[in-house]
file upload19.cif (mmCIF, C-alpha atoms and all ligand atoms)
data_work
loop_
_atom_site.label_atom_id
_atom_site.label_comp_id
_atom_site.auth_asym_id
_atom_site.auth_seq_id
_atom_site.Cartn_x
_atom_site.Cartn_y
_atom_site.Cartn_z
CA MET G 1 0.00 0.00 0.00
CA LYS G 2 1.17 3.53 -0.74
CA LYS G 3 1.94 5.49 2.38
CA VAL G 4 1.28 9.23 2.70
CA LEU G 5 2.39 11.62 5.43
CA VAL G 6 -0.40 14.01 6.34
CA THR G 7 0.76 16.92 8.50
CA GLY G 8 -2.08 18.60 10.37
CA GLY G 9 -4.16 15.51 9.65
CA THR G 10 -6.43 15.86 12.68
CA GLY G 11 -7.39 19.40 11.61
CA TYR G 12 -10.45 20.40 9.65
CA ILE G 13 -9.34 19.85 6.05
CA GLY G 14 -6.68 17.28 6.91
CA SER G 15 -9.15 14.94 8.62
CA HIS G 16 -11.49 14.93 5.61
CA THR G 17 -8.55 14.30 3.31
CA CYS G 18 -7.43 11.34 5.44
CA VAL G 19 -10.90 9.83 4.96
CA GLU G 20 -10.59 10.17 1.17
CA LEU G 21 -7.05 8.75 1.17
CA LEU G 22 -8.16 5.73 3.19
CA ALA G 23 -11.13 5.21 0.87
CA SER G 24 -8.64 5.04 -2.00
CA ARG G 25 -6.53 2.49 -0.12
CA TYR G 26 -3.63 4.72 0.88
CA GLU G 27 -1.90 4.08 4.16
CA VAL G 28 -2.08 7.25 6.23
CA VAL G 29 0.47 8.57 8.74
CA ILE G 30 -0.69 11.69 10.56
CA VAL G 31 1.55 14.07 12.44
CA ASP G 32 -0.20 16.81 14.37
CA ASN G 33 0.78 18.74 17.49
CA LEU G 34 -2.91 19.13 18.46
CA SER G 35 -2.54 22.90 18.77
CA ASN G 36 -5.87 23.30 16.96
CA SER G 37 -7.42 19.83 17.00
CA THR G 38 -8.00 16.92 19.33
CA ARG G 39 -6.77 13.35 19.45
CA ASP G 40 -10.27 11.86 19.24
CA VAL G 41 -10.38 12.94 15.57
CA VAL G 42 -8.11 9.95 14.86
CA GLU G 43 -10.81 7.55 16.10
CA ARG G 44 -13.46 9.48 14.21
CA ILE G 45 -11.51 9.14 10.95
CA GLU G 46 -11.07 5.44 11.66
CA ARG G 47 -14.76 5.01 12.42
CA ILE G 48 -15.83 6.58 9.13
CA SER G 49 -13.22 4.68 7.15
CA THR G 50 -13.18 1.35 9.00
CA SER G 51 -9.40 1.42 8.59
CA ARG G 52 -6.54 2.34 10.88
CA VAL G 53 -4.19 5.32 10.68
CA THR G 54 -0.80 5.83 12.32
CA PHE G 55 -0.82 8.93 14.51
CA TYR G 56 2.14 10.87 15.92
CA GLU G 57 1.66 13.77 18.26
CA GLY G 58 4.52 15.86 16.98
CA ASP G 59 5.62 19.24 15.76
CA VAL G 60 6.78 19.65 12.17
CA THR G 61 8.85 22.69 13.05
CA VAL G 62 11.15 20.47 15.12
CA GLU G 63 13.77 19.04 12.79
CA ALA G 64 14.53 15.92 14.83
CA GLU G 65 10.85 14.96 14.79
CA VAL G 66 10.55 15.45 11.05
CA ARG G 67 13.71 13.41 10.44
CA GLN G 68 12.39 10.56 12.59
CA LEU G 69 9.19 10.38 10.55
CA PHE G 70 11.09 10.08 7.28
CA GLU G 71 13.47 7.50 8.77
CA ALA G 72 10.62 5.38 10.10
CA HIS G 73 8.42 5.36 6.98
CA ASP G 74 8.73 5.07 3.26
CA PHE G 75 6.36 7.76 2.02
CA VAL G 76 5.18 8.17 -1.58
CA GLY G 77 4.11 11.69 -0.79
CA VAL G 78 3.48 14.39 1.78
CA ILE G 79 0.34 16.49 2.14
CA HIS G 80 1.21 19.48 4.25
CA PHE G 81 -1.75 21.04 6.08
CA ALA G 82 -0.09 21.86 9.41
CA GLY G 83 0.00 25.55 10.13
CA TYR G 84 -1.73 28.45 11.77
CA LYS G 85 -4.57 30.06 9.84
CA ALA G 86 -6.18 32.92 11.76
CA VAL G 87 -5.68 36.12 9.79
CA GLY G 88 -6.29 38.51 12.72
CA GLU G 89 -4.02 36.56 15.05
CA SER G 90 -1.28 36.66 12.43
CA VAL G 91 -1.35 40.45 12.53
CA GLN G 92 -0.95 40.36 16.31
CA GLN G 93 1.67 37.58 16.38
CA PRO G 94 3.59 37.74 13.10
CA VAL G 95 6.70 35.92 14.28
CA MET G 96 4.65 33.00 15.57
CA TYR G 97 3.02 32.72 12.13
CA TYR G 98 6.23 33.03 10.10
CA GLN G 99 7.95 30.56 12.41
CA ASN G 100 5.27 27.89 12.30
CA ASN G 101 4.15 28.17 8.69
CA LEU G 102 7.54 28.68 7.06
CA VAL G 103 9.81 26.45 9.15
CA SER G 104 7.40 23.53 8.72
CA THR G 105 7.35 23.96 4.93
CA MET G 106 11.14 24.27 4.72
CA LEU G 107 11.81 21.20 6.86
CA LEU G 108 9.33 19.04 4.98
CA ALA G 109 10.79 20.16 1.64
CA LYS G 110 14.27 19.41 2.94
CA TYR G 111 13.41 15.90 4.08
CA CYS G 112 11.44 15.12 0.91
CA THR G 113 14.54 15.90 -1.13
CA LEU G 114 16.86 14.04 1.27
CA PHE G 115 14.69 10.91 1.28
CA GLY G 116 13.62 11.02 -2.38
CA VAL G 117 9.94 11.59 -1.59
CA ASN G 118 8.74 13.04 -4.87
CA LYS G 119 5.21 14.21 -4.24
CA PHE G 120 4.49 17.29 -2.16
CA VAL G 121 0.97 18.69 -1.92
CA PHE G 122 0.69 22.05 -0.20
CA SER G 123 -2.27 23.92 1.34
CA SER G 124 -2.19 27.41 -0.03
CA SER G 125 -4.97 29.93 -0.13
CA ALA G 126 -6.84 32.21 -2.50
CA THR G 127 -5.59 35.00 -0.26
CA VAL G 128 -2.32 35.01 -2.29
CA TYR G 129 -4.22 36.65 -5.17
CA GLY G 130 -4.83 39.74 -3.05
CA ASP G 131 -7.34 42.18 -4.51
CA ASN G 132 -7.02 40.94 -8.11
CA GLN G 133 -9.75 41.01 -10.76
CA VAL G 134 -12.22 38.09 -10.30
CA PRO G 135 -12.40 35.31 -11.26
CA PHE G 136 -8.92 34.50 -10.00
CA HIS G 137 -6.93 32.25 -12.32
CA GLU G 138 -3.58 30.64 -11.66
CA GLY G 139 -1.76 32.77 -14.24
CA LEU G 140 -2.39 36.05 -12.36
CA SER G 141 0.54 37.82 -10.75
CA LEU G 142 0.17 37.58 -7.02
CA LEU G 143 -0.58 40.82 -5.20
CA PRO G 144 0.55 41.59 -1.67
CA THR G 145 -1.80 40.20 0.95
CA THR G 146 -2.84 42.37 3.87
CA ASN G 147 -1.55 40.15 6.66
CA PRO G 148 1.32 37.87 7.76
CA TYR G 149 -0.81 34.73 7.34
CA GLY G 150 -1.27 35.48 3.64
CA GLU G 151 2.42 36.25 3.30
CA THR G 152 3.34 32.86 4.79
CA LYS G 153 1.32 31.21 2.03
CA ALA G 154 2.92 33.30 -0.74
CA MET G 155 6.39 32.69 0.75
CA SER G 156 5.79 28.96 1.13
CA GLU G 157 4.76 28.81 -2.53
CA ARG G 158 8.00 30.54 -3.43
CA ILE G 159 10.13 28.25 -1.24
CA LEU G 160 8.57 25.12 -2.73
CA THR G 161 9.00 26.49 -6.25
CA ASP G 162 12.70 27.20 -5.63
CA VAL G 163 13.22 23.70 -4.20
CA ALA G 164 11.41 22.04 -7.10
CA ASN G 165 13.49 24.03 -9.58
CA VAL G 166 16.66 22.30 -8.38
CA THR G 167 15.14 18.89 -7.60
CA PRO G 168 14.33 17.34 -10.99
CA ASP G 169 12.16 14.46 -9.75
CA LEU G 170 10.14 16.47 -7.23
CA GLY G 171 6.52 17.28 -8.03
CA VAL G 172 4.86 20.05 -6.01
CA SER G 173 1.16 20.68 -6.18
CA ILE G 174 0.16 24.02 -4.71
CA LEU G 175 -3.54 24.04 -3.95
CA ARG G 176 -5.13 27.44 -3.52
CA TYR G 177 -8.25 26.87 -1.50
CA PHE G 178 -11.16 29.23 -1.71
CA ASN G 179 -13.57 29.06 1.26
CA PRO G 180 -13.87 25.54 2.69
CA VAL G 181 -17.11 24.92 4.59
CA GLY G 182 -19.36 22.02 5.55
CA ALA G 183 -18.48 18.77 7.18
CA HIS G 184 -18.46 15.04 6.59
CA GLU G 185 -21.98 13.69 6.08
CA SER G 186 -21.58 11.36 9.05
CA GLY G 187 -21.32 14.38 11.39
CA GLU G 188 -18.18 12.77 12.91
CA ILE G 189 -15.71 15.39 11.68
CA GLY G 190 -16.05 19.06 10.80
CA GLU G 191 -14.83 22.49 11.76
CA ALA G 192 -14.69 23.18 15.48
CA PRO G 193 -12.87 26.50 15.93
CA ASN G 194 -11.62 27.67 19.31
CA GLY G 195 -12.92 31.06 20.42
CA ILE G 196 -14.66 33.49 18.08
CA PRO G 197 -14.73 32.01 14.57
CA ASN G 198 -12.78 33.84 11.86
CA ASN G 199 -14.94 32.52 9.07
CA LEU G 200 -18.56 33.00 8.19
CA MET G 201 -19.96 29.46 8.31
CA PRO G 202 -18.84 28.49 11.84
CA PHE G 203 -20.20 31.85 12.98
CA VAL G 204 -23.55 31.07 11.36
CA THR G 205 -23.73 27.58 12.86
CA GLN G 206 -22.87 28.92 16.33
CA VAL G 207 -25.67 31.48 16.06
CA ALA G 208 -27.98 28.70 14.89
CA ARG G 209 -27.40 26.67 18.02
CA GLY G 210 -27.70 29.69 20.29
CA LYS G 211 -24.05 29.93 21.26
CA ARG G 212 -24.05 33.49 19.87
CA ASP G 213 -26.97 35.94 19.70
CA LYS G 214 -26.55 37.15 16.16
CA LEU G 215 -24.31 37.14 13.16
CA MET G 216 -22.17 40.20 12.47
CA VAL G 217 -22.17 41.00 8.77
CA PHE G 218 -19.09 43.09 7.98
CA GLY G 219 -20.28 45.71 5.50
CA ASN G 220 -23.20 45.93 3.08
CA ASP G 221 -21.81 48.65 0.85
CA TYR G 222 -19.49 46.61 -1.35
CA ASP G 223 -19.99 46.64 -5.09
CA THR G 224 -21.63 43.20 -5.14
CA VAL G 225 -25.04 41.66 -5.79
CA ASP G 226 -26.48 42.80 -2.43
CA GLY G 227 -23.63 44.86 -0.99
CA THR G 228 -22.23 42.08 1.18
CA GLY G 229 -18.93 40.29 0.52
CA VAL G 230 -18.89 37.50 -2.06
CA ARG G 231 -16.84 34.32 -1.59
CA ASP G 232 -16.44 31.00 -3.35
CA TYR G 233 -17.55 28.42 -0.79
CA ILE G 234 -16.44 24.84 -1.37
CA HIS G 235 -17.64 21.76 0.48
CA VAL G 236 -14.74 20.33 2.50
CA VAL G 237 -15.38 16.83 1.12
CA ASP G 238 -15.00 18.14 -2.45
CA LEU G 239 -11.84 19.92 -1.32
CA ALA G 240 -10.49 16.71 0.23
CA LYS G 241 -11.13 14.86 -3.03
CA GLY G 242 -9.15 17.58 -4.80
CA HIS G 243 -6.09 16.55 -2.76
CA LEU G 244 -6.41 12.98 -3.91
CA ALA G 245 -6.68 14.13 -7.53
CA ALA G 246 -3.65 16.37 -7.05
CA LEU G 247 -1.58 13.57 -5.50
CA GLU G 248 -2.49 11.03 -8.14
CA ASN G 249 -1.84 13.35 -11.08
CA LEU G 250 1.35 14.86 -9.72
CA THR G 251 4.31 14.99 -12.10
CA ALA G 252 7.72 16.63 -11.62
CA GLY G 253 7.70 20.43 -11.45
CA VAL G 254 5.43 22.94 -9.76
CA HIS G 255 1.71 23.05 -10.43
CA MET G 256 -0.75 25.57 -9.01
CA TYR G 257 -4.46 24.80 -8.84
CA ASN G 258 -7.46 26.70 -7.60
CA LEU G 259 -9.81 24.54 -5.59
CA GLY G 260 -13.17 26.25 -5.51
CA THR G 261 -16.53 25.93 -7.23
CA GLY G 262 -16.13 28.92 -9.53
CA LYS G 263 -19.33 30.39 -8.11
CA GLY G 264 -19.58 33.38 -5.79
CA THR G 265 -22.10 33.55 -2.94
CA SER G 266 -22.75 36.68 -0.88
CA VAL G 267 -23.01 36.67 2.90
CA LEU G 268 -26.75 37.24 2.76
CA GLU G 269 -27.22 34.56 0.10
CA LEU G 270 -25.41 32.13 2.37
CA VAL G 271 -27.57 33.13 5.35
CA HIS G 272 -30.72 32.52 3.29
CA ALA G 273 -29.43 29.19 1.97
CA PHE G 274 -28.63 28.13 5.55
CA GLN G 275 -32.12 29.04 6.74
CA GLU G 276 -33.65 27.10 3.87
CA ALA G 277 -31.44 24.03 4.35
CA THR G 278 -31.89 23.82 8.12
CA GLY G 279 -35.15 25.62 8.97
CA VAL G 280 -33.25 27.68 11.57
CA THR G 281 -33.49 31.49 11.53
CA ILE G 282 -30.24 33.45 11.71
CA PRO G 283 -30.58 36.93 13.24
CA TYR G 284 -27.91 39.27 11.91
CA GLU G 285 -26.66 42.82 12.20
CA ILE G 286 -24.80 44.83 9.59
CA VAL G 287 -21.64 46.34 11.07
CA GLU G 288 -18.58 48.18 9.69
CA ARG G 289 -16.42 46.60 7.01
CA ARG G 290 -13.56 44.53 8.40
CA ALA G 291 -10.06 45.83 7.61
CA GLY G 292 -8.36 43.85 4.86
CA ASP G 293 -11.52 42.22 3.45
CA ILE G 294 -12.03 42.38 -0.30
CA ALA G 295 -15.41 42.68 -2.04
CA GLU G 296 -15.35 39.54 -4.15
CA CYS G 297 -13.29 36.39 -4.38
CA TYR G 298 -14.10 33.45 -6.61
CA ALA G 299 -12.12 31.01 -8.65
CA ASP G 300 -11.56 30.17 -12.24
CA VAL G 301 -11.54 26.39 -11.84
CA THR G 302 -10.85 25.33 -15.42
CA LYS G 303 -7.21 24.32 -14.80
CA ALA G 304 -8.04 21.82 -12.05
CA GLU G 305 -10.86 20.41 -14.17
CA ARG G 306 -8.64 20.05 -17.21
CA GLU G 307 -5.46 18.74 -15.57
CA LEU G 308 -6.75 16.88 -12.52
CA GLY G 309 -10.12 15.72 -13.82
CA TRP G 310 -11.58 17.12 -10.61
CA ARG G 311 -14.46 19.45 -10.00
CA ALA G 312 -16.53 20.38 -6.96
CA GLU G 313 -19.88 18.63 -6.95
CA LYS G 314 -21.70 19.79 -3.85
CA GLY G 315 -23.70 23.00 -3.76
CA ILE G 316 -24.36 25.62 -1.09
CA TYR G 317 -27.40 23.73 0.23
CA GLU G 318 -25.32 20.62 1.05
CA MET G 319 -22.58 22.80 2.54
CA CYS G 320 -25.11 24.38 4.94
CA ARG G 321 -26.85 21.09 5.73
CA ASP G 322 -23.61 19.29 6.57
CA ALA G 323 -22.11 22.20 8.53
CA TRP G 324 -25.26 22.24 10.63
CA GLY G 325 -25.27 18.44 10.94
CA PHE G 326 -21.83 18.58 12.52
CA GLU G 327 -22.41 21.65 14.67
CA SER G 328 -25.73 20.45 16.07
CA ARG G 329 -24.18 17.09 16.93
CA LEU G 330 -21.25 18.88 18.56
CA GLY G 331 -23.64 21.20 20.38
CA ALA G 332 -25.40 18.20 21.83
CA LEU G 333 -22.08 16.83 23.09
CA VAL G 334 -20.36 19.94 24.36
CA VAL G 335 -21.59 21.77 27.44
CA GLU G 336 -20.32 25.34 27.40
N1 LIG G 401 -9.80 26.51 6.51
C1 LIG G 401 -9.58 27.46 5.62
O1 LIG G 401 -10.44 28.33 5.41
C2 LIG G 401 -8.31 27.50 4.82
C3 LIG G 401 -8.26 28.28 3.64
C4 LIG G 401 -7.08 28.31 2.91
C5 LIG G 401 -5.97 27.60 3.35
N2 LIG G 401 -6.04 26.86 4.49
C6 LIG G 401 -4.84 26.14 4.94
O2 LIG G 401 -5.12 24.76 4.98
C7 LIG G 401 -4.39 24.15 6.04
C8 LIG G 401 -5.34 23.37 6.91
O3 LIG G 401 -6.35 24.24 7.39
P1 LIG G 401 -7.49 23.77 8.39
O4 LIG G 401 -8.65 24.65 8.16
O5 LIG G 401 -7.65 22.31 8.31
O6 LIG G 401 -6.81 24.19 9.75
P2 LIG G 401 -6.79 23.43 11.16
O7 LIG G 401 -6.26 24.40 12.16
O8 LIG G 401 -8.09 22.79 11.43
O9 LIG G 401 -5.71 22.28 10.88
C9 LIG G 401 -4.32 22.51 10.97
C10 LIG G 401 -3.74 21.43 11.87
O10 LIG G 401 -2.32 21.61 11.95
C11 LIG G 401 -1.91 21.39 13.29
N3 LIG G 401 -0.63 22.09 13.45
C12 LIG G 401 -0.41 23.43 13.47
N4 LIG G 401 0.91 23.67 13.58
C13 LIG G 401 1.53 22.46 13.65
C14 LIG G 401 2.88 22.06 13.77
N5 LIG G 401 3.88 22.93 13.86
N6 LIG G 401 3.15 20.73 13.79
C15 LIG G 401 2.15 19.81 13.71
N7 LIG G 401 0.85 20.14 13.60
C16 LIG G 401 0.55 21.46 13.57
C17 LIG G 401 -3.07 21.87 14.15
O11 LIG G 401 -3.11 21.24 15.41
C18 LIG G 401 -4.28 21.48 13.28
O12 LIG G 401 -4.77 20.19 13.63
C19 LIG G 401 -3.66 25.27 6.77
O13 LIG G 401 -2.34 25.33 6.28
C20 LIG G 401 -4.44 26.50 6.37
O14 LIG G 401 -3.65 27.66 6.39
C21 LIG G 401 -7.19 26.79 5.23
#
call {"tool": "encode", "arguments": {"input": "upload19.cif", "output": "structure tokens"}}
result
Amino acid sequence: MKKVLVTGGTGYIGSHTCVELLASRYEVVIVDNLSNSTRDVVERIERISTSRVTFYEGDVTVEAEVRQLFEAHDFVGVIHFAGYKAVGESVQQPVMYYQNNLVSTMLLAKYCTLFGVNKFVFSSSATVYGDNQVPFHEGLSLLPTTNPYGETKAMSERILTDVANVTPDLGVSILRYFNPVGAHESGEIGEAPNGIPNNLMPFVTQVARGKRDKLMVFGNDYDTVDGTGVRDYIHVVDLAKGHLAALENLTAGVHMYNLGTGKGTSVLELVHAFQEATGVTIPYEIVERRAGDIAECYADVTKAERELGWRAEKGIYEMCRDAWGFESRLGALVVE
């Protein structure tokens, strides 16, 4: 069986990707320091998949730990999810973000080249496009992002490109995610952010279960369909399948792909879709724009379709239904 190292594999996107890897008969080794996830996710992945994974509680910014993983296993590839992702926090704690997100990428690239592991799939973000003209396509020049988190993604892309340029057999797939939402249909795994959510959907689901009074909508004076911000939401299971497609189609060199649906949805459209999918009313209040937010962000997805044979299949209704399925199950379990 082909063995894959999944860093950050107990996190939101990583856990769903592990499920897809196991379904395609890969052997999965997870390393995660549990800074933003919990150990029970391993059992949840195993329950969905009825297969076992190997789990290491470890930190991929610690060189000795990374070396040990490569010495102990013969990987066909690495999927690197581990990192910090809160935009606001990155502004407050830039060094922590550069340290975690860049050192991890550099060490994994180093050990892939040392051990001849030739497939590297990296979690990047649509944020690297900055305030470009929509739809964003992979050929656009990247614009500066407004925060250290975004810069860590742009810099990681650059580091991996430089490494691939001098490592002839190495294939790097840089996946620029748009807005991952939803959860596994089983309700076993999903997004469970600590503290105040940074993203819209977890905010909506927390309002739905009464954990928060109302949703704050940041601005309704953008030049969009209804004045609220437009994003390209993608179901996390579709996104996870995109990683499998990227891994299986990976050839030497660097390849960038947008993983989105190609369709923009405004904040208010999402709120209405959520109400329709779940029957739960979401009270909201329009407040000031949030610094650094852009009006619209959606993907041109033709490259991934053409080269990976992958496209997102689930719509906004399923994204809302499954996000709520997970949150309401979690709400029933967690006493806050
Ligand atoms: N969720 C999004 O909206 C989004 C969008 C674009 C890109 N991304 C990127 O995708 C990746 C995964 O995101 P996610 O939403 O699943 O985040 P997540 O926080 O749920 O998962 C990341 C996991 O990495 C672990 N981790 C962090 N630093 C580590 C380290 N040094 N060593 C080992 N484990 C470590 C955390 O404990 C967590 O389980 C991240 O790199 C993120 O920046 C996410």
call {"tool": "residues_near_ligand", "arguments": {"input": "upload19.cif", "ligand": "ligand LIG 401 (chain G)", "cutoff": "7 Å", "atoms": "all atoms listed in the file", "output": "PyMOL selection string"}}
result
chain G and resi 7-14+31-37+58-61+81-85+100+104+123-126+176-180+191
call {"tool": "write_last_selection", "arguments": {"input": "upload19.cif", "atoms": "C-alpha atoms", "output": "compact mmCIF listing (two decimals), keeping the file's coordinate frame"}}
result
# COMPACT_ATOMS: atom_id res chain seq x y z
CA THR G 7 0.76 16.92 8.50
CA GLY G 8 -2.08 18.60 10.37
CA GLY G 9 -4.16 15.51 9.65
CA THR G 10 -6.43 15.86 12.68
CA GLY G 11 -7.39 19.40 11.61
CA TYR G 12 -10.45 20.40 9.65
CA ILE G 13 -9.34 19.85 6.05
CA GLY G 14 -6.68 17.28 6.91
CA VAL G 31 1.55 14.07 12.44
CA ASP G 32 -0.20 16.81 14.37
CA ASN G 33 0.78 18.74 17.49
CA LEU G 34 -2.91 19.13 18.46
CA SER G 35 -2.54 22.90 18.77
CA ASN G 36 -5.87 23.30 16.96
CA SER G 37 -7.42 19.83 17.00
CA GLY G 58 4.52 15.86 16.98
CA ASP G 59 5.62 19.24 15.76
CA VAL G 60 6.78 19.65 12.17
CA THR G 61 8.85 22.69 13.05
CA PHE G 81 -1.75 21.04 6.08
CA ALA G 82 -0.09 21.86 9.41
CA GLY G 83 0.00 25.55 10.13
CA TYR G 84 -1.73 28.45 11.77
CA LYS G 85 -4.57 30.06 9.84
CA ASN G 100 5.27 27.89 12.30
CA SER G 104 7.40 23.53 8.72
CA SER G 123 -2.27 23.92 1.34
CA SER G 124 -2.19 27.41 -0.03
CA SER G 125 -4.97 29.93 -0.13
CA ALA G 126 -6.84 32.21 -2.50
CA ARG G 176 -5.13 27.44 -3.52
CA TYR G 177 -8.25 26.87 -1.50
CA PHE G 178 -11.16 29.23 -1.71
CA ASN G 179 -13.57 29.06 1.26
CA PRO G 180 -13.87 25.54 2.69
CA GLU G 191 -14.83 22.49 11.76
call {"tool": "closest_atom_pairs", "arguments": {"input": "upload19.cif", "of": "range 59-173 of chain G", "to": "range 298-313 of chain G", "cutoff": "10 Å", "atoms": "all atoms listed in the file", "output": "Markdown table"}}
result
| residue | atom | partner | partner_atom | distance |
| --- | --- | --- | --- | --- |
| G:Ala126 | CA | G:Ala299 | CA | 8.2 |
| G:Gln133 | CA | G:Tyr298 | CA | 9.7 |
| G:Val134 | CA | G:Tyr298 | CA | 6.2 |
| G:Pro135 | CA | G:Ala299 | CA | 5.0 |
| G:Phe136 | CA | G:Ala299 | CA | 4.9 |
| G:His137 | CA | G:Asp300 | CA | 5.1 |
| G:Glu138 | CA | G:Lys303 | CA | 7.9 |
call {"tool": "axis_aligned_box", "arguments": {"input": "upload19.cif", "around": "range 113-126 of chain G", "padding_each_side": "4 Å", "output": "JSON"}}
result
{"center_x": 5.0, "center_y": 21.6, "center_z": -1.8, "size_x": 31.7, "size_y": 29.3, "size_z": 14.2}
call {"tool": "closest_residue", "arguments": {"input": "upload19.cif", "among": "G:Val76, G:Leu239, G:Met155, G:Val172", "to": "Tyr97 in chain G", "atoms": "all atoms listed in the file"}}
result
G:Met155
call {"tool": "closest_residue", "arguments": {"input": "upload19.cif", "among": "G:Glu185, G:Asp213, G:Glu248, G:Glu63", "to": "Asn118 in chain G", "atoms": "all atoms listed in the file"}}
result
G:Glu248
call {"tool": "closest_residue", "arguments": {"input": "upload19.cif", "among": "G:Glu296, G:Glu288, G:Glu276, G:Glu151", "to": "Tyr317 in chain G", "atoms": "all atoms listed in the file"}}
result
G:Glu276
call {"tool": "closest_residue", "arguments": {"input": "upload19.cif", "among": "G:Asp238, G:Asp131, G:Asp223, G:Asp169", "to": "Val19 in chain G", "atoms": "only C-alpha atoms"}}
result
G:Asp238
call {"tool": "closest_residue", "arguments": {"input": "upload19.cif", "among": "G:Val128, G:Val217, G:Val181, G:Val42", "to": "Arg289 in chain G", "atoms": "all atoms listed in the file"}}
result
G:Val217
call {"tool": "residues_near_point", "arguments": {"input": "upload19.cif", "point": "(6.4, 23.1, 0.4)", "cutoff": "8 Å", "atoms": "all atoms listed in the file", "output": "list of chain:residue names"}}
result
G:His80, G:Thr105, G:Met106, G:Leu108, G:Ala109, G:Phe120, G:Val121, G:Phe122, G:Ser156, G:Glu157, G:Ile159, G:Leu160, G:Thr161, G:Val172
call {"tool": "write_last_selection", "arguments": {"input": "upload19.cif", "atoms": "C-alpha atoms", "output": "PDB file, in the frame of the given file"}}
result
ATOM      1  CA  HIS G  80       1.210  19.480   4.250  1.00  0.00           C
ATOM      2  CA  THR G 105       7.350  23.960   4.930  1.00  0.00           C
ATOM      3  CA  MET G 106      11.140  24.270   4.720  1.00  0.00           C
ATOM      4  CA  LEU G 108       9.330  19.040   4.980  1.00  0.00           C
ATOM      5  CA  ALA G 109      10.790  20.160   1.640  1.00  0.00           C
ATOM      6  CA  PHE G 120       4.490  17.290  -2.160  1.00  0.00           C
ATOM      7  CA  VAL G 121       0.970  18.690  -1.920  1.00  0.00           C
ATOM      8  CA  PHE G 122       0.690  22.050  -0.200  1.00  0.00           C
ATOM      9  CA  SER G 156       5.790  28.960   1.130  1.00  0.00           C
ATOM     10  CA  GLU G 157       4.760  28.810  -2.530  1.00  0.00           C
ATOM     11  CA  ILE G 159      10.130  28.250  -1.240  1.00  0.00           C
ATOM     12  CA  LEU G 160       8.570  25.120  -2.730  1.00  0.00           C
ATOM     13  CA  THR G 161       9.000  26.490  -6.250  1.00  0.00           C
ATOM     14  CA  VAL G 172       4.860  20.050  -6.010  1.00  0.00           C
TER      15      VAL G 172
END
call {"tool": "residues_around", "arguments": {"input": "upload19.cif", "residues": "Lys119 in chain G", "least_positions_apart": "5", "cutoff": "8 Å", "atoms": "all atoms listed in the file", "output": "list in words"}}
result
Val76, Gly77, Val78, Leu170, Gly171, Val172, Ser173, Leu247, Leu250 and Thr251 of chain G
call {"tool": "write_last_selection", "arguments": {"input": "upload19.cif", "atoms": "C-alpha atoms", "output": "PDB file, in the coordinates of the input"}}
result
ATOM      1  CA  VAL G  76       5.180   8.170  -1.580  1.00  0.00           C
ATOM      2  CA  GLY G  77       4.110  11.690  -0.790  1.00  0.00           C
ATOM      3  CA  VAL G  78       3.480  14.390   1.780  1.00  0.00           C
ATOM      4  CA  LEU G 170      10.140  16.470  -7.230  1.00  0.00           C
ATOM      5  CA  GLY G 171       6.520  17.280  -8.030  1.00  0.00           C
ATOM      6  CA  VAL G 172       4.860  20.050  -6.010  1.00  0.00           C
ATOM      7  CA  SER G 173       1.160  20.680  -6.180  1.00  0.00           C
ATOM      8  CA  LEU G 247      -1.580  13.570  -5.500  1.00  0.00           C
ATOM      9  CA  LEU G 250       1.350  14.860  -9.720  1.00  0.00           C
ATOM     10  CA  THR G 251       4.310  14.990 -12.100  1.00  0.00           C
TER      11      THR G 251
END
call {"tool": "closest_residue", "arguments": {"input": "upload19.cif", "among": "G:Ser90, G:Ser51, G:Ser24, G:Thr113", "to": "Ala164 in chain G", "atoms": "only C-alpha atoms"}}
result
G:Thr113
